[in-house]
Amino acid sequence: MNFSADFCSTTAVRGGTSPDSATGAVLTPIYQSTTYQQQALGVHKGYTYSRSGNPTVSALESALGALENTPPAVCFATGMAAISALLLSVLKAGEHVIVSDVVYGGTVRLFREVLEHFEVSVSFVDTSDLVAVRNAVQANTKLVFIETPANPTLKLTDIAGIAKVLIGTKIKLVVDNTFLTPILQRPLDLGADISLLSTTKYIEGHNSTVGGSIAARDETLLERIRLVRKTLGTIQSPQEAWLTLRGLKTLPLRLQQHCANAQRIAEWLEQHPKVARVHYPGLPSFPQKELCLRQQLLPGGMIAFEVKGGAQASIQLLNTVRLCILAENLGAVETLITHPASMSHAAVPVNTRERTGISDGLVRLSVGLENPADIIADLEAALNGVNSVEEVKEAGQCVTR
Ligand SMILES: Cc1ncc(COP(=O)(O)O)c(C=O)c1O
């Protein structure tokens, strides 16, 4: 690893922020104000209207920039708002984007159902294959957009490898780093141009907010993104920014425990007779284990697995767990269990899902901070119930949810 293995705890707690200059409040207050007094026409303290900027949001942006080792990040109302603003900032009609063939379903929907109307063409490529990426580059390619680890299969893409493929071109490399955050993976230090986060997940980490952020070193690009955000009106609210800033302070601690719990649960799942396959970068069986060690500080808190008996068996498991919560979202203190095919990745065409391993039987587990023995006991009880054909048939009704 080419960055400090101290999990950047000091930066997460203190980076980019300082006590409030007006009052000494240790935490930046929630500046719940729409507008700001001007001392004279055009003379102000840096803020004019909260769609353009807000001091609480700025504090979060400075803190995230400190962690990303960039100028202040640009924060948005959601992760999807961040991705949308980025694409609208850099793309023009007639241009082309290469996107990892496994990415969050909302990102697929944005490319397939929105951007295609603006004549932006997209190639979904297995970006773990550097030759495939090189072969997909066209004269009009403007961006390579990767997600690593990929949601939900956890396939990895070699960030430095892709950056090398793009040397000598003007193509920008974007990494959706939501699954790891800059604590566990530093896309910009590995050669990417833009690091993108849904702060809804690990950054805030308590299932309390939605938000997104973009970090980059190119000030001109950041300026353009801020202009698009102001125009679209998709800045984060001060309340959400404050909660996110508070969550950020415990991110290094939380991530270490998420990873420790996930490692233990993945190992347990892998030896369970009713589990067909476990995808977790920390397992010796993970095909890209070496890349994980090279590129990530730890394997992460997300696991994907398949239960023997296919989709219906998995659905029965999802319907039977008690401690694990059947819900969308990931990266929070509560363990959340998800059925990607009908939930997070329902927008991905069926043939793409089948080709890329997002089977109807795939279960995604966002391992939380409960005692891992309790999570295992819950999964054990649910797996023990996965056997009766009648129960499986009954549970199968939920697939249309
Ligand atoms: C990897 C990834 N990127 C982006 C997003 C979108 O974030 P948000 O839900 O905050 O809009 C998600 C949401 O699940 C995600 O998993």
# chains A, B, ... in the order shown; residues from 1 in each chain; ligands from 1
$ closest_atom_pairs --of "chain A" --to "ligand 1" --cutoff "6 Å" --atoms "only C-alpha atoms and all ligand atoms" --output "tab-separated table"
residue	atom	partner	partner_atom_place_in_ligand_line	distance
A:Thr78	CA	ligand 1	10 (O)	4.2
A:Gly79	CA	ligand 1	11 (O)	3.5
A:Met80	CA	ligand 1	11 (O)	3.8
A:Tyr104	CA	ligand 1	2 (C)	5.0
A:Asn151	CA	ligand 1	1 (C)	5.7
A:Thr178	CA	ligand 1	1 (C)	5.0
A:Ser198	CA	ligand 1	7 (O)	4.4
A:Thr200	CA	ligand 1	10 (O)	4.8
A:Val210	CA	ligand 1	10 (O)	5.1
A:Gly211	CA	ligand 1	10 (O)	5.0
A:Gly212	CA	ligand 1	10 (O)	5.7
A:Asn329	CA	ligand 1	14 (O)	5.7
$ write_last_selection --atoms "N, CA and C atoms" --output "mmCIF file, in the first residue's frame"
data_model
loop_
_atom_site.group_PDB
_atom_site.id
_atom_site.type_symbol
_atom_site.label_atom_id
_atom_site.label_comp_id
_atom_site.auth_asym_id
_atom_site.auth_seq_id
_atom_site.Cartn_x
_atom_site.Cartn_y
_atom_site.Cartn_z
ATOM 1 N N THR A 78 -27.848 13.562 -2.861
ATOM 2 C CA THR A 78 -27.775 12.089 -2.871
ATOM 3 C C THR A 78 -26.541 11.681 -3.680
ATOM 4 N N GLY A 79 -26.213 10.399 -3.602
ATOM 5 C CA GLY A 79 -25.133 9.884 -4.444
ATOM 6 C C GLY A 79 -25.500 10.002 -5.917
ATOM 7 N N MET A 80 -26.754 9.711 -6.259
ATOM 8 C CA MET A 80 -27.170 9.807 -7.656
ATOM 9 C C MET A 80 -27.115 11.248 -8.158
ATOM 10 N N TYR A 104 -23.821 -0.140 -9.430
ATOM 11 C CA TYR A 104 -25.119 0.069 -8.771
ATOM 12 C C TYR A 104 -26.223 0.264 -9.839
ATOM 13 N N ASN A 151 -20.819 -3.256 -6.798
ATOM 14 C CA ASN A 151 -22.087 -3.571 -6.145
ATOM 15 C C ASN A 151 -22.939 -4.380 -7.125
ATOM 16 N N THR A 178 -17.718 4.109 -3.143
ATOM 17 C CA THR A 178 -18.707 4.035 -2.065
ATOM 18 C C THR A 178 -18.477 2.849 -1.125
ATOM 19 N N SER A 198 -21.275 7.756 -2.532
ATOM 20 C CA SER A 198 -22.597 7.951 -1.941
ATOM 21 C C SER A 198 -22.309 8.032 -0.441
ATOM 22 N N THR A 200 -24.371 8.426 1.750
ATOM 23 C CA THR A 200 -25.481 7.712 2.385
ATOM 24 C C THR A 200 -24.993 6.448 3.092
ATOM 25 N N VAL A 210 -29.261 10.783 3.272
ATOM 26 C CA VAL A 210 -28.789 10.462 1.924
ATOM 27 C C VAL A 210 -27.867 11.604 1.499
ATOM 28 N N GLY A 211 -26.874 11.272 0.701
ATOM 29 C CA GLY A 211 -25.940 12.318 0.261
ATOM 30 C C GLY A 211 -24.904 11.755 -0.688
ATOM 31 N N GLY A 212 -24.180 12.664 -1.346
ATOM 32 C CA GLY A 212 -23.138 12.240 -2.282
ATOM 33 C C GLY A 212 -22.012 13.235 -2.318
ATOM 34 N N ASN A 329 -30.084 -0.105 0.978
ATOM 35 C CA ASN A 329 -28.973 0.595 1.640
ATOM 36 C C ASN A 329 -27.914 -0.377 2.144
#
$ residues_around --residues "range 159-170 of chain A" --least-positions-apart "5" --cutoff "7 Å" --atoms "only C-alpha atoms" --output "PDB file with N, CA and C atoms, in the first residue's frame"
ATOM      1  N   LEU A 130      -8.216  -5.496 -18.409  1.00  0.00           N
ATOM      2  CA  LEU A 130      -7.627  -4.251 -18.931  1.00  0.00           C
ATOM      3  C   LEU A 130      -7.600  -4.237 -20.460  1.00  0.00           C
ATOM      4  N   ARG A 134      -9.096  -1.389 -22.971  1.00  0.00           N
ATOM      5  CA  ARG A 134      -8.320  -0.767 -24.056  1.00  0.00           C
ATOM      6  C   ARG A 134      -9.078  -0.913 -25.375  1.00  0.00           C
ATOM      7  N   PRO A 187      -8.488   6.270  -4.625  1.00  0.00           N
ATOM      8  CA  PRO A 187      -8.488   6.270  -6.089  1.00  0.00           C
ATOM      9  C   PRO A 187      -7.562   7.324  -6.701  1.00  0.00           C
ATOM     10  N   LEU A 190      -4.071   6.399  -6.792  1.00  0.00           N
ATOM     11  CA  LEU A 190      -3.822   5.284  -7.715  1.00  0.00           C
ATOM     12  C   LEU A 190      -3.941   5.715  -9.178  1.00  0.00           C
ATOM     13  N   GLY A 191      -4.165   7.019  -9.404  1.00  0.00           N
ATOM     14  CA  GLY A 191      -4.153   7.525 -10.788  1.00  0.00           C
ATOM     15  C   GLY A 191      -5.498   7.936 -11.335  1.00  0.00           C
ATOM     16  N   ALA A 192      -6.579   7.808 -10.533  1.00  0.00           N
ATOM     17  CA  ALA A 192      -7.898   8.248 -11.029  1.00  0.00           C
ATOM     18  C   ALA A 192      -7.977   9.774 -10.995  1.00  0.00           C
TER      19      ALA A 192
END
$ residues_around --residues "range 299-316 of chain A" --least-positions-apart "3" --cutoff "6 Å" --atoms "only C-alpha atoms" --output "JSON list (two decimals) with N, CA and C atoms, in the first residue's frame"
[["chain", "number", "residue", "atom", "x", "y", "z"],
["A", 258, "HIS", "N", -16.45, -3.17, 10.86],
["A", 258, "HIS", "CA", -17.25, -3.75, 9.76],
["A", 258, "HIS", "C", -16.43, -4.86, 9.08],
["A", 259, "CYS", "N", -15.15, -4.56, 8.82],
["A", 259, "CYS", "CA", -14.31, -5.52, 8.09],
["A", 259, "CYS", "C", -14.06, -6.77, 8.94],
["A", 262, "ALA", "N", -17.20, -8.78, 8.95],
["A", 262, "ALA", "CA", -17.46, -9.37, 7.63],
["A", 262, "ALA", "C", -16.54, -10.56, 7.38],
["A", 274, "LYS", "N", -25.18, -25.38, 3.46],
["A", 274, "LYS", "CA", -26.30, -24.90, 2.61],
["A", 274, "LYS", "C", -25.92, -23.68, 1.76],
["A", 275, "VAL", "N", -24.67, -23.24, 1.87],
["A", 275, "VAL", "CA", -24.23, -22.07, 1.08],
["A", 275, "VAL", "C", -23.43, -22.57, -0.12],
["A", 276, "ALA", "N", -23.84, -22.10, -1.31],
["A", 276, "ALA", "CA", -23.19, -22.58, -2.53],
["A", 276, "ALA", "C", -21.91, -21.80, -2.82],
["A", 277, "ARG", "N", -21.91, -20.49, -2.60],
["A", 277, "ARG", "CA", -20.77, -19.69, -3.01],
["A", 277, "ARG", "C", -20.73, -18.39, -2.20],
["A", 278, "VAL", "N", -19.54, -17.97, -1.80],
["A", 278, "VAL", "CA", -19.40, -16.71, -1.06],
["A", 278, "VAL", "C", -18.42, -15.82, -1.82],
["A", 279, "HIS", "N", -18.80, -14.56, -2.04],
["A", 279, "HIS", "CA", -17.90, -13.59, -2.67],
["A", 279, "HIS", "C", -17.49, -12.61, -1.58],
["A", 280, "TYR", "N", -16.23, -12.66, -1.19],
["A", 280, "TYR", "CA", -15.71, -11.69, -0.21],
["A", 280, "TYR", "C", -14.20, -11.54, -0.45],
["A", 281, "PRO", "N", -13.73, -10.32, -0.69],
["A", 281, "PRO", "CA", -12.32, -10.14, -1.06],
["A", 281, "PRO", "C", -11.32, -10.60, 0.00],
["A", 282, "GLY", "N", -11.79, -10.84, 1.23],
["A", 282, "GLY", "CA", -10.88, -11.28, 2.29],
["A", 282, "GLY", "C", -10.74, -12.80, 2.37],
["A", 319, "ASN", "N", -36.53, -13.86, 3.77],
["A", 319, "ASN", "CA", -37.79, -13.68, 4.47],
["A", 319, "ASN", "C", -37.77, -14.21, 5.90],
["A", 360, "ASP", "N", -30.71, -14.42, -9.61],
["A", 360, "ASP", "CA", -31.88, -14.25, -8.74],
["A", 360, "ASP", "C", -31.61, -14.85, -7.36],
["A", 361, "GLY", "N", -30.58, -15.69, -7.26],
["A", 361, "GLY", "CA", -30.26, -16.31, -5.97],
["A", 361, "GLY", "C", -29.20, -15.57, -5.18],
["A", 362, "LEU", "N", -28.69, -14.47, -5.73],
["A", 362, "LEU", "CA", -27.60, -13.76, -5.02],
["A", 362, "LEU", "C", -28.17, -12.92, -3.87],
["A", 363, "VAL", "N", -27.52, -13.06, -2.73],
["A", 363, "VAL", "CA", -27.91, -12.30, -1.53],
["A", 363, "VAL", "C", -26.77, -11.34, -1.21],
["A", 364, "ARG", "N", -27.09, -10.08, -0.90],
["A", 364, "ARG", "CA", -26.04, -9.11, -0.50],
["A", 364, "ARG", "C", -26.19, -8.84, 0.98],
["A", 365, "LEU", "N", -25.07, -8.91, 1.68],
["A", 365, "LEU", "CA", -25.10, -8.67, 3.12],
["A", 365, "LEU", "C", -24.18, -7.50, 3.44],
["A", 366, "SER", "N", -24.75, -6.44, 4.00],
["A", 366, "SER", "CA", -23.95, -5.33, 4.49],
["A", 366, "SER", "C", -23.77, -5.57, 5.98],
["A", 367, "VAL", "N", -22.58, -6.02, 6.33],
["A", 367, "VAL", "CA", -22.36, -6.48, 7.71],
["A", 367, "VAL", "C", -22.25, -5.27, 8.64],
["A", 386, "VAL", "N", -34.10, -23.31, 5.45],
["A", 386, "VAL", "CA", -34.16, -23.35, 3.99],
["A", 386, "VAL", "C", -34.12, -24.80, 3.53],
["A", 392, "VAL", "N", -40.65, -22.86, 0.58],
["A", 392, "VAL", "CA", -39.94, -22.17, -0.49],
["A", 392, "VAL", "C", -40.94, -21.59, -1.49],
["A", 395, "ALA", "N", -42.62, -18.53, -0.02],
["A", 395, "ALA", "CA", -41.70, -17.39, 0.04],
["A", 395, "ALA", "C", -41.45, -16.82, -1.34],
["A", 396, "GLY", "N", -41.52, -17.67, -2.37],
["A", 396, "GLY", "CA", -41.22, -17.24, -3.73],
["A", 396, "GLY", "C", -42.10, -16.10, -4.21]]
$ residues_around --residues "Glu328 in chain A" --least-positions-apart "3" --cutoff "9 Å" --atoms "only C-alpha atoms" --output "PyMOL selection string"
chain A and resi 336-340+343-344
$ write_last_selection --atoms "all heavy atoms" --output "PDB file, in the first residue's frame"
ATOM      1  N   LEU A 336     -27.751  -5.119   7.116  1.00  0.00           N
ATOM      2  CA  LEU A 336     -28.851  -5.075   6.143  1.00  0.00           C
ATOM      3  C   LEU A 336     -28.658  -6.190   5.131  1.00  0.00           C
ATOM      4  O   LEU A 336     -27.529  -6.432   4.662  1.00  0.00           O
ATOM      5  CB  LEU A 336     -28.870  -3.724   5.416  1.00  0.00           C
ATOM      6  CG  LEU A 336     -29.055  -2.475   6.293  1.00  0.00           C
ATOM      7  CD1 LEU A 336     -29.067  -1.218   5.431  1.00  0.00           C
ATOM      8  CD2 LEU A 336     -30.348  -2.548   7.116  1.00  0.00           C
ATOM      9  N   ILE A 337     -29.733  -6.856   4.785  1.00  0.00           N
ATOM     10  CA  ILE A 337     -29.675  -7.949   3.812  1.00  0.00           C
ATOM     11  C   ILE A 337     -30.580  -7.581   2.642  1.00  0.00           C
ATOM     12  O   ILE A 337     -31.661  -7.018   2.829  1.00  0.00           O
ATOM     13  CB  ILE A 337     -30.059  -9.299   4.494  1.00  0.00           C
ATOM     14  CG1 ILE A 337     -29.633 -10.479   3.633  1.00  0.00           C
ATOM     15  CG2 ILE A 337     -31.523  -9.369   4.852  1.00  0.00           C
ATOM     16  CD1 ILE A 337     -29.573 -11.810   4.418  1.00  0.00           C
ATOM     17  N   THR A 338     -30.080  -7.824   1.433  1.00  0.00           N
ATOM     18  CA  THR A 338     -30.743  -7.294   0.237  1.00  0.00           C
ATOM     19  C   THR A 338     -30.778  -8.360  -0.847  1.00  0.00           C
ATOM     20  O   THR A 338     -29.871  -9.191  -0.937  1.00  0.00           O
ATOM     21  CB  THR A 338     -29.935  -6.069  -0.280  1.00  0.00           C
ATOM     22  OG1 THR A 338     -29.829  -5.129   0.782  1.00  0.00           O
ATOM     23  CG2 THR A 338     -30.592  -5.391  -1.459  1.00  0.00           C
ATOM     24  N   HIS A 339     -31.807  -8.301  -1.672  1.00  0.00           N
ATOM     25  CA  HIS A 339     -31.920  -9.172  -2.845  1.00  0.00           C
ATOM     26  C   HIS A 339     -31.664  -8.287  -4.066  1.00  0.00           C
ATOM     27  O   HIS A 339     -32.581  -7.635  -4.573  1.00  0.00           O
ATOM     28  CB  HIS A 339     -33.338  -9.774  -2.889  1.00  0.00           C
ATOM     29  CG  HIS A 339     -33.543 -10.738  -4.002  1.00  0.00           C
ATOM     30  ND1 HIS A 339     -34.513 -10.590  -4.958  1.00  0.00           N
ATOM     31  CD2 HIS A 339     -32.874 -11.882  -4.321  1.00  0.00           C
ATOM     32  CE1 HIS A 339     -34.451 -11.599  -5.806  1.00  0.00           C
ATOM     33  NE2 HIS A 339     -33.467 -12.389  -5.444  1.00  0.00           N
ATOM     34  N   PRO A 340     -30.407  -8.220  -4.538  1.00  0.00           N
ATOM     35  CA  PRO A 340     -30.077  -7.263  -5.605  1.00  0.00           C
ATOM     36  C   PRO A 340     -30.979  -7.389  -6.831  1.00  0.00           C
ATOM     37  O   PRO A 340     -31.396  -6.375  -7.403  1.00  0.00           O
ATOM     38  CB  PRO A 340     -28.616  -7.594  -5.945  1.00  0.00           C
ATOM     39  CG  PRO A 340     -28.066  -8.188  -4.693  1.00  0.00           C
ATOM     40  CD  PRO A 340     -29.198  -8.954  -4.079  1.00  0.00           C
ATOM     41  N   MET A 343     -34.133  -5.642  -5.913  1.00  0.00           N
ATOM     42  CA  MET A 343     -34.068  -4.391  -5.151  1.00  0.00           C
ATOM     43  C   MET A 343     -33.046  -3.440  -5.811  1.00  0.00           C
ATOM     44  O   MET A 343     -33.366  -2.740  -6.749  1.00  0.00           O
ATOM     45  CB  MET A 343     -33.742  -4.684  -3.687  1.00  0.00           C
ATOM     46  CG  MET A 343     -34.840  -5.524  -3.005  1.00  0.00           C
ATOM     47  SD  MET A 343     -34.370  -6.221  -1.415  1.00  0.00           S
ATOM     48  CE  MET A 343     -34.659  -4.874  -0.297  1.00  0.00           C
ATOM     49  N   SER A 344     -31.796  -3.443  -5.341  1.00  0.00           N
ATOM     50  CA  SER A 344     -30.818  -2.445  -5.808  1.00  0.00           C
ATOM     51  C   SER A 344     -30.507  -2.521  -7.301  1.00  0.00           C
ATOM     52  O   SER A 344     -30.102  -1.531  -7.903  1.00  0.00           O
ATOM     53  CB  SER A 344     -29.511  -2.614  -5.021  1.00  0.00           C
ATOM     54  OG  SER A 344     -29.047  -3.951  -5.122  1.00  0.00           O
TER      55      SER A 344
END
$ residues_around --residues "range 122-125 of chain A" --least-positions-apart "4" --cutoff "10 Å" --atoms "only C-alpha atoms" --output "MDAnalysis selection string"
chainID A and resid 95:103 108 111:112 115:116 129:130 132:133 135:137 141 143:146 352
$ residues_around --residues "Arg51 in chain A" --least-positions-apart "6" --cutoff "7 Å" --atoms "only C-alpha atoms" --output "list in words"
Lys230, Gly233 and Ile235 of chain A
$ select_by_dssp --residues "range 171-335 of chain A" --states "strand (DSSP E or B)" --output "ChimeraX atom specification"
/A:172-176,194-198,212-216,235,275-279,302-307,325-326
$ residues_around --residues "Val74 in chain A" --least-positions-apart "4" --cutoff "7 Å" --atoms "only C-alpha atoms" --output "list in words"
Glu61, Ser213, Ile214, Ala215 and Arg226 of chain A
$ closest_atom_pairs --of "range 215-257 of chain A" --to "range 6-26 of chain A" --cutoff "7 Å" --atoms "only C-alpha atoms" --output "Markdown table"
| residue | atom | partner | partner_atom | distance |
| --- | --- | --- | --- | --- |
| A:Leu248 | CA | A:Ala12 | CA | 6.1 |
| A:Lys249 | CA | A:Val13 | CA | 4.3 |
| A:Pro252 | CA | A:Phe7 | CA | 5.6 |
$ write_last_selection --atoms "all heavy atoms" --output "short mmCIF file (atom, residue, chain, number, x, y, z; two decimals), in the first residue's frame"
data_model
loop_
_atom_site.label_atom_id
_atom_site.label_comp_id
_atom_site.auth_asym_id
_atom_site.auth_seq_id
_atom_site.Cartn_x
_atom_site.Cartn_y
_atom_site.Cartn_z
N LEU A 248 -18.70 10.95 9.89
CA LEU A 248 -17.34 10.83 9.34
C LEU A 248 -16.28 10.63 10.43
O LEU A 248 -15.29 9.94 10.23
CB LEU A 248 -17.06 12.11 8.55
CG LEU A 248 -15.80 12.20 7.71
CD1 LEU A 248 -15.82 11.13 6.64
CD2 LEU A 248 -15.71 13.58 7.07
N LYS A 249 -16.52 11.25 11.58
CA LYS A 249 -15.50 11.21 12.64
C LYS A 249 -15.24 9.79 13.15
O LYS A 249 -14.15 9.49 13.61
CB LYS A 249 -15.94 12.12 13.81
CG LYS A 249 -15.91 13.59 13.43
CD LYS A 249 -16.49 14.45 14.53
CE LYS A 249 -16.67 15.89 14.09
NZ LYS A 249 -15.42 16.65 14.04
N PRO A 252 -13.20 5.63 10.52
CA PRO A 252 -12.10 4.65 10.57
C PRO A 252 -12.37 3.52 11.57
O PRO A 252 -12.15 2.36 11.27
CB PRO A 252 -10.90 5.50 11.02
CG PRO A 252 -11.26 6.89 10.62
CD PRO A 252 -12.73 7.00 10.80
#
$ closest_residue --among "A:Asp158, A:Val90, A:Tyr47, A:Asn351" --to "Leu293 in chain A" --atoms "only C-alpha atoms"
A:Asp158
$ closest_residue --among "A:Gly368, A:Ala77, A:Gln295, A:Thr320" --to "Asn177 in chain A" --atoms "only C-alpha atoms"
A:Gln295
$ closest_residue --among "A:Thr28, A:Leu369, A:Val228, A:Thr48" --to "Ile265 in chain A" --atoms "only C-alpha atoms"
A:Leu369
$ select_by_dssp --residues "range 267-362 of chain A" --states "alpha helix (DSSP H)" --output "number ranges by chain"
A: 267-270, 289-295, 310-320, 350-356
$ write_last_selection --atoms "N, CA, C and O atoms" --output "tab-separated table (two decimals), in the first residue's frame"
chain	number	residue	atom	x	y	z
A	267	GLU	N	-16.16	-16.22	6.41
A	267	GLU	CA	-15.52	-17.52	6.65
A	267	GLU	C	-16.55	-18.54	7.13
A	267	GLU	O	-16.56	-19.70	6.72
A	268	TRP	N	-17.45	-18.08	8.00
A	268	TRP	CA	-18.48	-18.99	8.52
A	268	TRP	C	-19.42	-19.43	7.39
A	268	TRP	O	-19.74	-20.61	7.26
A	269	LEU	N	-19.85	-18.46	6.58
A	269	LEU	CA	-20.76	-18.79	5.48
A	269	LEU	C	-20.13	-19.79	4.53
A	269	LEU	O	-20.78	-20.73	4.06
A	270	GLU	N	-18.83	-19.60	4.25
A	270	GLU	CA	-18.18	-20.43	3.23
A	270	GLU	C	-18.16	-21.91	3.64
A	270	GLU	O	-18.18	-22.80	2.78
A	289	LYS	N	-7.91	-11.86	-4.94
A	289	LYS	CA	-7.34	-11.62	-3.61
A	289	LYS	C	-6.06	-10.75	-3.68
A	289	LYS	O	-5.87	-9.83	-2.88
A	290	GLU	N	-5.24	-11.03	-4.67
A	290	GLU	CA	-3.95	-10.32	-4.79
A	290	GLU	C	-4.20	-8.83	-5.08
A	290	GLU	O	-3.57	-7.96	-4.49
A	291	LEU	N	-5.16	-8.56	-5.96
A	291	LEU	CA	-5.49	-7.16	-6.27
A	291	LEU	C	-6.05	-6.46	-5.04
A	291	LEU	O	-5.73	-5.29	-4.77
A	292	CYS	N	-6.85	-7.16	-4.28
A	292	CYS	CA	-7.40	-6.59	-3.04
A	292	CYS	C	-6.26	-6.16	-2.12
A	292	CYS	O	-6.25	-5.04	-1.59
A	293	LEU	N	-5.28	-7.03	-1.95
A	293	LEU	CA	-4.16	-6.71	-1.05
A	293	LEU	C	-3.37	-5.52	-1.56
A	293	LEU	O	-2.88	-4.69	-0.80
A	294	ARG	N	-3.27	-5.40	-2.89
A	294	ARG	CA	-2.46	-4.34	-3.48
A	294	ARG	C	-3.18	-2.99	-3.43
A	294	ARG	O	-2.56	-1.94	-3.26
A	295	GLN	N	-4.49	-3.02	-3.57
A	295	GLN	CA	-5.23	-1.78	-3.82
A	295	GLN	C	-6.05	-1.29	-2.62
A	295	GLN	O	-6.36	-0.11	-2.51
A	310	GLY	N	-30.89	-22.24	-5.15
A	310	GLY	CA	-31.20	-21.15	-6.09
A	310	GLY	C	-32.04	-20.03	-5.50
A	310	GLY	O	-32.07	-19.82	-4.29
A	311	ALA	N	-32.76	-19.37	-6.42
A	311	ALA	CA	-33.45	-18.14	-6.06
A	311	ALA	C	-34.45	-18.34	-4.94
A	311	ALA	O	-34.51	-17.55	-3.99
A	312	GLN	N	-35.21	-19.43	-5.03
A	312	GLN	CA	-36.27	-19.59	-4.02
A	312	GLN	C	-35.69	-19.83	-2.63
A	312	GLN	O	-36.22	-19.34	-1.64
A	313	ALA	N	-34.58	-20.56	-2.58
A	313	ALA	CA	-33.94	-20.80	-1.28
A	313	ALA	C	-33.41	-19.48	-0.71
A	313	ALA	O	-33.56	-19.19	0.48
A	314	SER	N	-32.82	-18.65	-1.58
A	314	SER	CA	-32.30	-17.36	-1.11
A	314	SER	C	-33.42	-16.46	-0.62
A	314	SER	O	-33.29	-15.78	0.40
A	315	ILE	N	-34.52	-16.49	-1.36
A	315	ILE	CA	-35.66	-15.64	-0.97
A	315	ILE	C	-36.23	-16.10	0.37
A	315	ILE	O	-36.59	-15.30	1.23
A	316	GLN	N	-36.23	-17.40	0.55
A	316	GLN	CA	-36.72	-17.91	1.84
A	316	GLN	C	-35.82	-17.42	2.98
A	316	GLN	O	-36.29	-17.00	4.03
A	317	LEU	N	-34.51	-17.45	2.72
A	317	LEU	CA	-33.57	-16.94	3.73
A	317	LEU	C	-33.86	-15.46	4.04
A	317	LEU	O	-33.96	-15.05	5.19
A	318	LEU	N	-34.03	-14.67	2.97
A	318	LEU	CA	-34.28	-13.23	3.14
A	318	LEU	C	-35.54	-12.97	3.95
A	318	LEU	O	-35.63	-12.02	4.71
A	319	ASN	N	-36.53	-13.86	3.77
A	319	ASN	CA	-37.79	-13.68	4.47
A	319	ASN	C	-37.77	-14.21	5.90
A	319	ASN	O	-38.70	-13.97	6.65
A	320	THR	N	-36.71	-14.94	6.25
A	320	THR	CA	-36.70	-15.61	7.55
A	320	THR	C	-35.79	-14.93	8.56
A	320	THR	O	-35.99	-15.08	9.77
A	350	VAL	N	-32.37	-8.17	-17.43
A	350	VAL	CA	-32.21	-9.54	-16.94
A	350	VAL	C	-31.01	-10.23	-17.58
A	350	VAL	O	-30.21	-10.87	-16.88
A	351	ASN	N	-30.84	-10.08	-18.90
A	351	ASN	CA	-29.72	-10.79	-19.54
A	351	ASN	C	-28.37	-10.28	-19.04
A	351	ASN	O	-27.43	-11.04	-18.87
A	352	THR	N	-28.28	-8.98	-18.73
A	352	THR	CA	-27.02	-8.44	-18.17
A	352	THR	C	-26.81	-9.00	-16.77
A	352	THR	O	-25.70	-9.39	-16.41
A	353	ARG	N	-27.89	-9.04	-16.00
A	353	ARG	CA	-27.76	-9.59	-14.64
A	353	ARG	C	-27.25	-11.02	-14.70
A	353	ARG	O	-26.33	-11.40	-13.98
A	354	GLU	N	-27.85	-11.81	-15.60
A	354	GLU	CA	-27.45	-13.22	-15.69
A	354	GLU	C	-25.99	-13.35	-16.13
A	354	GLU	O	-25.22	-14.12	-15.56
A	355	ARG	N	-25.58	-12.53	-17.08
A	355	ARG	CA	-24.22	-12.62	-17.62
A	355	ARG	C	-23.18	-12.19	-16.59
A	355	ARG	O	-22.05	-12.69	-16.58
A	356	THR	N	-23.55	-11.26	-15.71
A	356	THR	CA	-22.54	-10.68	-14.82
A	356	THR	C	-22.61	-11.23	-13.39
A	356	THR	O	-21.92	-10.73	-12.51
$ atom_distance --atom1 "CA of Leu245 in chain A" --atom2 "CA of Thr148 in chain A"
23.9 Å
$ atom_distance --atom1 "CA of Asn69 in chain A" --atom2 "CA of Thr181 in chain A"
12.5 Å
$ atom_distance --atom1 "CA of Ala327 in chain A" --atom2 "CA of Thr209 in chain A"
14.9 Å
